[in-house]
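Chemist: Here you go, protein-v2.txt (compact mmCIF, C-alpha atoms):
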```txt
# COMPACT_ATOMS: atom_id res chain seq x y z
CA MET Y 1 -15.20 -6.97 37.87
CA LYS Y 2 -14.98 -3.46 36.42
CA SER Y 3 -14.64 -4.90 32.93
CA ALA Y 4 -17.79 -6.98 33.39
CA ILE Y 5 -19.69 -3.90 34.61
CA LYS Y 6 -18.56 -1.88 31.58
CA GLN Y 7 -19.58 -4.68 29.21
CA GLY Y 8 -22.94 -4.92 30.94
CA ARG Y 9 -23.50 -1.19 30.50
CA THR Y 10 -22.59 -1.44 26.83
CA ILE Y 11 -25.03 -4.32 26.28
CA ILE Y 12 -27.81 -2.44 28.07
CA PHE Y 13 -27.15 0.69 26.00
CA ILE Y 14 -27.20 -1.28 22.73
CA ALA Y 15 -30.46 -2.94 23.79
CA PHE Y 16 -31.88 0.51 24.54
CA LEU Y 17 -30.93 1.80 21.08
CA LEU Y 18 -32.47 -1.24 19.41
CA SER Y 19 -35.65 -0.73 21.42
CA ILE Y 20 -35.87 2.90 20.28
CA TRP Y 21 -35.32 1.74 16.69
CA GLU Y 22 -38.10 -0.86 17.06
CA LEU Y 23 -40.55 1.67 18.49
CA ILE Y 24 -39.83 4.30 15.84
CA VAL Y 25 -40.34 1.83 12.97
CA ARG Y 26 -43.57 0.48 14.45
CA PHE Y 27 -45.22 3.74 15.51
CA ALA Y 28 -44.05 5.76 12.49
CA ASP Y 29 -45.19 2.95 10.20
CA VAL Y 30 -41.91 2.99 8.27
CA PRO Y 31 -42.06 0.78 5.14
CA HIS Y 32 -40.34 -2.57 5.62
CA TRP Y 33 -38.23 -2.15 2.47
CA LEU Y 34 -36.97 1.22 3.69
CA LEU Y 35 -36.06 0.41 7.29
CA PRO Y 36 -37.02 -2.93 8.85
CA ALA Y 37 -37.44 -3.27 12.59
CA PRO Y 38 -34.72 -5.11 14.58
CA SER Y 39 -37.24 -7.90 15.30
CA ALA Y 40 -37.82 -8.35 11.54
CA ILE Y 41 -34.06 -8.43 10.93
CA LEU Y 42 -33.61 -11.03 13.67
CA LYS Y 43 -36.44 -13.12 12.22
CA GLU Y 44 -34.92 -12.96 8.75
CA GLY Y 45 -31.56 -13.94 10.21
CA PHE Y 46 -33.01 -17.15 11.62
CA GLN Y 47 -35.04 -17.92 8.51
CA SER Y 48 -32.17 -17.42 6.08
CA TYR Y 49 -29.56 -19.08 8.30
CA ASP Y 50 -28.97 -22.04 5.97
CA THR Y 51 -28.63 -19.70 2.98
CA PHE Y 52 -26.44 -17.15 4.73
CA LEU Y 53 -24.03 -19.51 6.51
CA PRO Y 54 -22.00 -20.56 3.40
CA HIS Y 55 -21.58 -16.88 2.48
CA ALA Y 56 -20.39 -16.04 6.01
CA LEU Y 57 -17.91 -18.93 6.09
CA ALA Y 58 -16.47 -17.88 2.72
CA THR Y 59 -15.93 -14.34 4.01
CA VAL Y 60 -14.33 -15.58 7.24
CA GLN Y 61 -11.87 -17.77 5.34
CA LEU Y 62 -10.97 -14.91 3.00
CA ALA Y 63 -10.61 -12.42 5.88
CA ILE Y 64 -8.38 -14.70 7.98
CA LEU Y 65 -6.13 -15.56 5.04
CA GLY Y 66 -5.84 -11.91 4.02
CA LEU Y 67 -5.20 -10.85 7.63
CA ALA Y 68 -2.43 -13.45 8.01
CA ILE Y 69 -0.72 -12.22 4.83
CA GLY Y 70 -1.20 -8.61 5.94
CA ILE Y 71 0.40 -9.32 9.33
CA LEU Y 72 3.36 -11.07 7.71
CA CYS Y 73 3.91 -8.29 5.16
CA GLY Y 74 3.30 -5.50 7.66
CA LEU Y 75 5.73 -6.81 10.27
CA THR Y 76 8.37 -7.56 7.63
CA VAL Y 77 8.19 -4.03 6.23
CA ALA Y 78 8.16 -2.51 9.74
CA VAL Y 79 11.33 -4.40 10.70
CA ILE Y 80 13.09 -3.39 7.47
CA LEU Y 81 12.13 0.28 7.81
CA HIS Y 82 13.20 0.32 11.45
CA ARG Y 83 16.53 -1.45 10.94
CA PHE Y 84 17.64 0.41 7.81
CA THR Y 85 17.48 4.19 8.09
CA PHE Y 86 18.13 4.96 4.41
CA ILE Y 87 15.27 2.69 3.32
CA ARG Y 88 12.96 4.31 5.88
CA GLU Y 89 13.81 7.79 4.62
CA LEU Y 90 12.98 6.73 1.04
CA PHE Y 91 9.82 4.69 1.54
CA TYR Y 92 8.15 6.01 4.70
CA PRO Y 93 6.75 9.16 2.97
CA ILE Y 94 5.48 6.97 0.13
CA LEU Y 95 3.85 4.67 2.68
CA ILE Y 96 2.01 7.62 4.23
CA MET Y 97 0.92 9.02 0.85
CA SER Y 98 -0.39 5.62 -0.25
CA GLN Y 99 -3.09 5.83 2.43
CA ASN Y 100 -4.69 8.73 0.56
CA VAL Y 101 -5.65 6.37 -2.27
CA PRO Y 102 -8.98 4.61 -1.54
CA VAL Y 103 -8.93 0.84 -1.93
CA LEU Y 104 -12.03 0.95 -4.14
CA VAL Y 105 -10.11 3.12 -6.62
CA LEU Y 106 -7.47 0.39 -6.94
CA ALA Y 107 -10.05 -2.36 -7.42
CA PRO Y 108 -10.49 -1.91 -11.21
CA LEU Y 109 -6.71 -1.92 -11.69
CA LEU Y 110 -6.35 -5.11 -9.67
CA ILE Y 111 -8.99 -6.79 -11.81
CA ILE Y 112 -7.21 -5.72 -15.00
CA TRP Y 113 -3.84 -6.90 -13.72
CA PHE Y 114 -4.80 -10.10 -11.89
CA GLY Y 115 -8.29 -11.05 -13.10
CA PHE Y 116 -11.21 -12.16 -10.91
CA GLY Y 117 -9.44 -14.87 -8.94
CA LEU Y 118 -8.31 -15.06 -5.34
CA LEU Y 119 -5.15 -12.93 -5.69
CA PRO Y 120 -6.76 -9.46 -6.16
CA LYS Y 121 -9.06 -10.13 -3.21
CA LEU Y 122 -6.14 -11.02 -0.96
CA ILE Y 123 -4.25 -7.93 -2.14
CA ILE Y 124 -7.18 -5.70 -1.14
CA ILE Y 125 -7.42 -7.23 2.35
CA CYS Y 126 -3.65 -7.05 2.74
CA LEU Y 127 -3.66 -3.36 1.78
CA VAL Y 128 -6.41 -2.64 4.31
CA CYS Y 129 -4.57 -4.47 7.12
CA PHE Y 130 -1.03 -3.48 6.18
CA PHE Y 131 -0.84 0.17 7.26
CA PRO Y 132 -1.97 -0.02 10.93
CA ILE Y 133 0.38 -2.95 11.54
CA VAL Y 134 3.40 -1.18 10.03
CA ILE Y 135 2.81 2.10 11.87
CA SER Y 136 2.04 0.45 15.22
CA ALA Y 137 5.07 -1.83 15.04
CA MET Y 138 7.43 1.00 14.12
CA ASP Y 139 6.07 3.14 16.97
CA GLY Y 140 6.61 0.21 19.34
CA PHE Y 141 10.21 -0.22 18.21
CA ARG Y 142 10.92 3.50 18.67
CA GLN Y 143 9.43 3.57 22.17
CA THR Y 144 11.96 1.08 23.53
CA SER Y 145 13.55 2.35 26.74
CA PRO Y 146 16.77 4.31 25.94
CA GLU Y 147 18.23 3.14 29.25
CA LEU Y 148 17.79 -0.50 28.32
CA LYS Y 149 19.26 0.09 24.86
CA HIS Y 150 22.25 1.78 26.46
CA TYR Y 151 22.64 -1.20 28.81
CA PHE Y 152 22.66 -3.59 25.84
CA GLU Y 153 25.37 -1.48 24.20
CA MET Y 154 27.44 -1.57 27.39
CA ILE Y 155 27.38 -5.37 27.54
CA GLY Y 156 28.50 -5.57 23.91
CA ALA Y 157 25.26 -6.68 22.23
CA THR Y 158 25.11 -6.28 18.47
CA LYS Y 159 22.34 -4.28 16.78
CA ALA Y 160 20.64 -7.49 15.71
CA GLN Y 161 20.77 -8.88 19.25
CA THR Y 162 19.45 -5.61 20.67
CA PHE Y 163 16.56 -5.68 18.22
CA TRP Y 164 15.47 -9.29 18.71
CA LYS Y 165 16.16 -9.48 22.45
CA LEU Y 166 14.93 -6.00 23.44
CA GLU Y 167 13.12 -3.92 20.81
CA TRP Y 168 11.04 -6.74 19.36
CA PRO Y 169 9.53 -8.05 22.63
CA TYR Y 170 9.23 -4.51 23.96
CA ALA Y 171 7.05 -3.63 20.97
CA TYR Y 172 4.57 -6.50 21.53
CA PRO Y 173 1.80 -4.29 22.99
CA ALA Y 174 2.06 -1.83 20.09
CA ILE Y 175 2.24 -4.64 17.52
CA PHE Y 176 -0.86 -6.31 18.89
CA SER Y 177 -2.67 -2.96 18.94
CA GLY Y 178 -2.04 -2.68 15.21
CA ILE Y 179 -3.07 -6.29 14.60
CA LYS Y 180 -6.33 -5.77 16.51
CA ILE Y 181 -7.16 -2.77 14.33
CA ALA Y 182 -6.24 -4.75 11.22
CA ALA Y 183 -8.43 -7.66 12.37
CA THR Y 184 -11.50 -5.43 12.46
CA TYR Y 185 -10.61 -4.06 9.01
CA SER Y 186 -10.05 -7.51 7.50
CA VAL Y 187 -13.73 -8.48 7.40
CA MET Y 188 -14.64 -5.17 5.78
CA GLY Y 189 -11.79 -5.66 3.31
CA ALA Y 190 -13.05 -9.16 2.49
CA VAL Y 191 -16.56 -7.84 1.79
CA ILE Y 192 -15.15 -5.10 -0.46
CA ALA Y 193 -13.03 -7.71 -2.24
CA GLU Y 194 -16.09 -9.86 -2.83
CA TRP Y 195 -17.77 -6.99 -4.62
CA LEU Y 196 -15.08 -7.35 -7.29
CA GLY Y 197 -16.57 -10.65 -8.33
CA ALA Y 198 -17.10 -13.73 -6.20
CA LYS Y 199 -19.46 -16.68 -6.13
CA LYS Y 200 -19.92 -16.72 -2.35
CA GLY Y 201 -19.44 -14.31 0.51
CA ILE Y 202 -21.24 -11.70 2.56
CA GLY Y 203 -20.45 -9.13 -0.12
CA VAL Y 204 -22.23 -11.29 -2.71
CA TYR Y 205 -25.15 -11.82 -0.31
CA MET Y 206 -25.47 -8.06 0.22
CA THR Y 207 -25.39 -7.36 -3.52
CA LEU Y 208 -28.17 -9.89 -4.18
CA ALA Y 209 -30.24 -8.54 -1.29
CA GLN Y 210 -29.81 -4.96 -2.46
CA SER Y 211 -30.84 -5.75 -6.04
CA SER Y 212 -34.05 -7.39 -4.77
CA PHE Y 213 -34.77 -4.60 -2.23
CA ARG Y 214 -34.46 -7.04 0.67
CA THR Y 215 -33.30 -4.44 3.17
CA ASP Y 216 -33.74 -6.88 6.05
CA ARG Y 217 -31.14 -9.18 4.49
CA VAL Y 218 -28.78 -6.24 3.98
CA PHE Y 219 -29.01 -5.54 7.71
CA VAL Y 220 -28.45 -9.22 8.48
CA ALA Y 221 -25.20 -8.96 6.50
CA ILE Y 222 -24.23 -5.72 8.26
CA PHE Y 223 -24.77 -7.18 11.72
CA ALA Y 224 -22.84 -10.30 10.70
CA ILE Y 225 -19.91 -8.12 9.58
CA VAL Y 226 -19.92 -6.31 12.93
CA PHE Y 227 -20.11 -9.61 14.84
CA LEU Y 228 -17.29 -11.23 12.86
CA SER Y 229 -15.09 -8.14 13.27
CA LEU Y 230 -15.61 -8.20 17.05
CA LEU Y 231 -14.98 -11.94 17.11
CA LEU Y 232 -11.65 -11.59 15.29
CA PHE Y 233 -10.74 -8.69 17.59
CA SER Y 234 -11.46 -10.86 20.63
CA VAL Y 235 -9.39 -13.75 19.28
CA ILE Y 236 -6.40 -11.47 18.68
CA ARG Y 237 -6.85 -10.00 22.14
CA LEU Y 238 -6.79 -13.51 23.65
CA ILE Y 239 -3.63 -14.36 21.71
CA GLU Y 240 -2.11 -11.10 22.95
CA LYS Y 241 -2.71 -12.08 26.56
CA LEU Y 242 -1.07 -15.47 25.97
CA VAL Y 243 1.96 -14.02 24.16
CA VAL Y 244 2.51 -10.96 26.31
CA LYS Y 245 1.84 -13.07 29.44
CA GLY Y 246 -0.78 -10.90 31.02
CA ARG Y 247 0.16 -7.77 32.85
CA GLY Y 248 3.89 -8.30 33.12
CA LEU Y 249 5.09 -6.88 29.82
CA HIS Y 250 2.26 -4.33 29.71
CA ALA Y 251 3.34 -3.03 33.09
CA GLN Y 252 6.97 -2.90 32.01
CA HIS Y 253 5.96 -1.09 28.83
CA SER Y 254 3.92 1.51 30.72
CA LYS Y 255 6.70 2.26 33.22
CA HIS Y 256 9.10 3.27 30.46
```
If you convert what's in this file into structure tokens, what do you get?
Modeler:
Amino acid sequence: MKSAIKQGRTIIFIAFLLSIWELIVRFADVPHWLLPAPSAILKEGFQSYDTFLPHALATVQLAILGLAIGILCGLTVAVILHRFTFIRELFYPILIMSQNVPVLVLAPLLIIWFGFGLLPKLIIICLVCFFPIVISAMDGFRQTSPELKHYFEMIGATKAQTFWKLEWPYAYPAIFSGIKIAATYSVMGAVIAEWLGAKKGIGVYMTLAQSSFRTDRVFVAIFAIVFLSLLLFSVIRLIEKLVVKGRGLHAQHSKH
């Protein structure tokens, strides 16, 4: 009930902001090419639906594939860094420093090394999704209850058994937090990747709209990116509820 009330308040507030935007554009007589009204953006969205849909589907496919690879790579690296202390001491500082390099700076290098195909685009999305998953998973592993770890040691469990039977499931909430963040980044990463050179995608659609000064179409693309990011976030959140089994593990996690 409380969640529904909060969502209702959010929707009302967004509607209020859009109404203010509409009034300002209309009464200030802002040029359409500079800042279109929300009603004009909505109208363009319906009119260009058939043209925009293939671009949106291409971006969704690219984002989901890149997110899946990012999750696999991120969790693998997190497990390795957590299980092997000497590897963590060597690579963890490098992992942190790597986040100071913008993805757009790496884009020209990826084109030189891998061309204009699918691989450099997937690498960009993977890089965008990789970091929050690694950090969240490692934090989840470290937050495992010391009492439970001590109990596992007392009953003679090996380190591998302790990890897979205790630390791994205990870290589910943290892991899914990282995946949800990565899911919202994946669509943005896909759009950035499409700027490197693609035939279809929201990034391509935005570039064409920008070059023709169709600001309304640029906003259509922006709103689509926001919607797709929220949709992916919601899907991951639903999967989290199914995997974590509702409140049980969350409650256990919060107690410790």
Chemist: What would the list of residues within 8 Å of (9.0, -3.7, 24.8) (file frame) look like as a list in words, if all atoms listed in the file are what count?
Modeler: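 With a cut-off of 8 Å, the residues come to Gly140, Phe141, Gln143, Thr144, Ser145, Leu166, Glu167, Trp168, Pro169, Tyr170, Ala171, Tyr172, Pro173, Leu249, Gln252 and His253 of chain Y.
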Chemist: When you count only C-alpha atoms, which of these residues is closest to Leu34 in chain Y: Y:Val103, Y:Val218, Y:Ile239, Y:Ala182?
Modeler: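 Of Y:Val103, Y:Val218, Y:Ile239, Y:Ala182, the one nearest Leu34 in chain Y is Y:Val218, counting only C-alpha atoms.
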Chemist: Report, in Å to a single decimal, how far apart CA of His55 in chain Y and CA of Ala198 in chain Y are.
Modeler: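 Computed distance, CA of Ala198 in chain Y to CA of His55 in chain Y, equals 10.3 Å.
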Chemist: Counting all atoms listed in the file, which of Y:Phe16, Y:Phe152, Y:Trp195, Y:Phe233 gets nearest to Trp164 in chain Y?
Modeler: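 Of all the options, Y:Phe152 lies closest to Trp164 in chain Y.
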Chemist: In Å, with one decimal, what is the gap from CA of Lys199 in chain Y to CA of Ala107 in chain Y?
Modeler: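 About the pair CA of Lys199 in chain Y and CA of Ala107 in chain Y: they are 17.2 Å apart.
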Chemist: Pick from Y:Ser186, Y:Ser98, Y:Ser136, Y:Thr215: nearest to Glu44 in chain Y, with only C-alpha atoms counted?
Modeler: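 Ranked by minimum distance to Glu44 in chain Y, first place goes to Y:Thr215.
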Chemist: Compile the contact shell of Phe46 in chain Y as an mmCIF file with C-alpha atoms, in the coordinates of the input: residues with an atom at most 12 Å away, counting only C-alpha atoms, same-chain residues fewer than 6 positions apart removed.
Modeler:
```cif
data_model
loop_
_atom_site.group_PDB
_atom_site.id
_atom_site.type_symbol
_atom_site.label_atom_id
_atom_site.label_comp_id
_atom_site.auth_asym_id
_atom_site.auth_seq_id
_atom_site.Cartn_x
_atom_site.Cartn_y
_atom_site.Cartn_z
ATOM 1 C CA SER Y 39 -37.240 -7.900 15.300
ATOM 2 C CA ALA Y 40 -37.820 -8.350 11.540
ATOM 3 C CA PHE Y 52 -26.440 -17.150 4.730
ATOM 4 C CA LEU Y 53 -24.030 -19.510 6.510
ATOM 5 C CA ASP Y 216 -33.740 -6.880 6.050
ATOM 6 C CA ARG Y 217 -31.140 -9.180 4.490
ATOM 7 C CA VAL Y 220 -28.450 -9.220 8.480
#
```
Chemist: Here is a test: counting all atoms listed in the file, which residue of Y:Leu95, Y:Leu119, Y:Val105, Y:Met138 is nearest to His82 in chain Y?
Modeler: Y:Met138
Chemist: How many Å lie between CA of Pro146 in chain Y and CA of Lys165 in chain Y, rounded to one decimal?
Modeler: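 Those two atoms sit 14.2 Å apart.
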Chemist: Tell me which of Y:Gly8, Y:Gly117, Y:Pro31, Y:Gly203 sits closest to Val191 in chain Y, counting only C-alpha atoms.
Modeler: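 The shortest atom-to-atom distance to Val191 in chain Y comes from Y:Gly203.
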Chemist: Please identify all polymer residues within 7 Å of Ala190 in chain Y, counting all atoms listed in the file, omitting same-chain residues fewer than 4 positions from it, and present them as number ranges by chain.
Modeler: Y: 59, 62-63, 125, 186, 194
Chemist: Quick one: 5 Å padding each side, axis-aligned, all listed atoms of range 152-160 of chain Y - centre and edge lengths in Å to one decimal, as JSON?
Modeler:
```
{"center_x": 24.6, "center_y": -4.5, "center_z": 21.6, "size_x": 17.9, "size_y": 16.0, "size_z": 21.8}
```
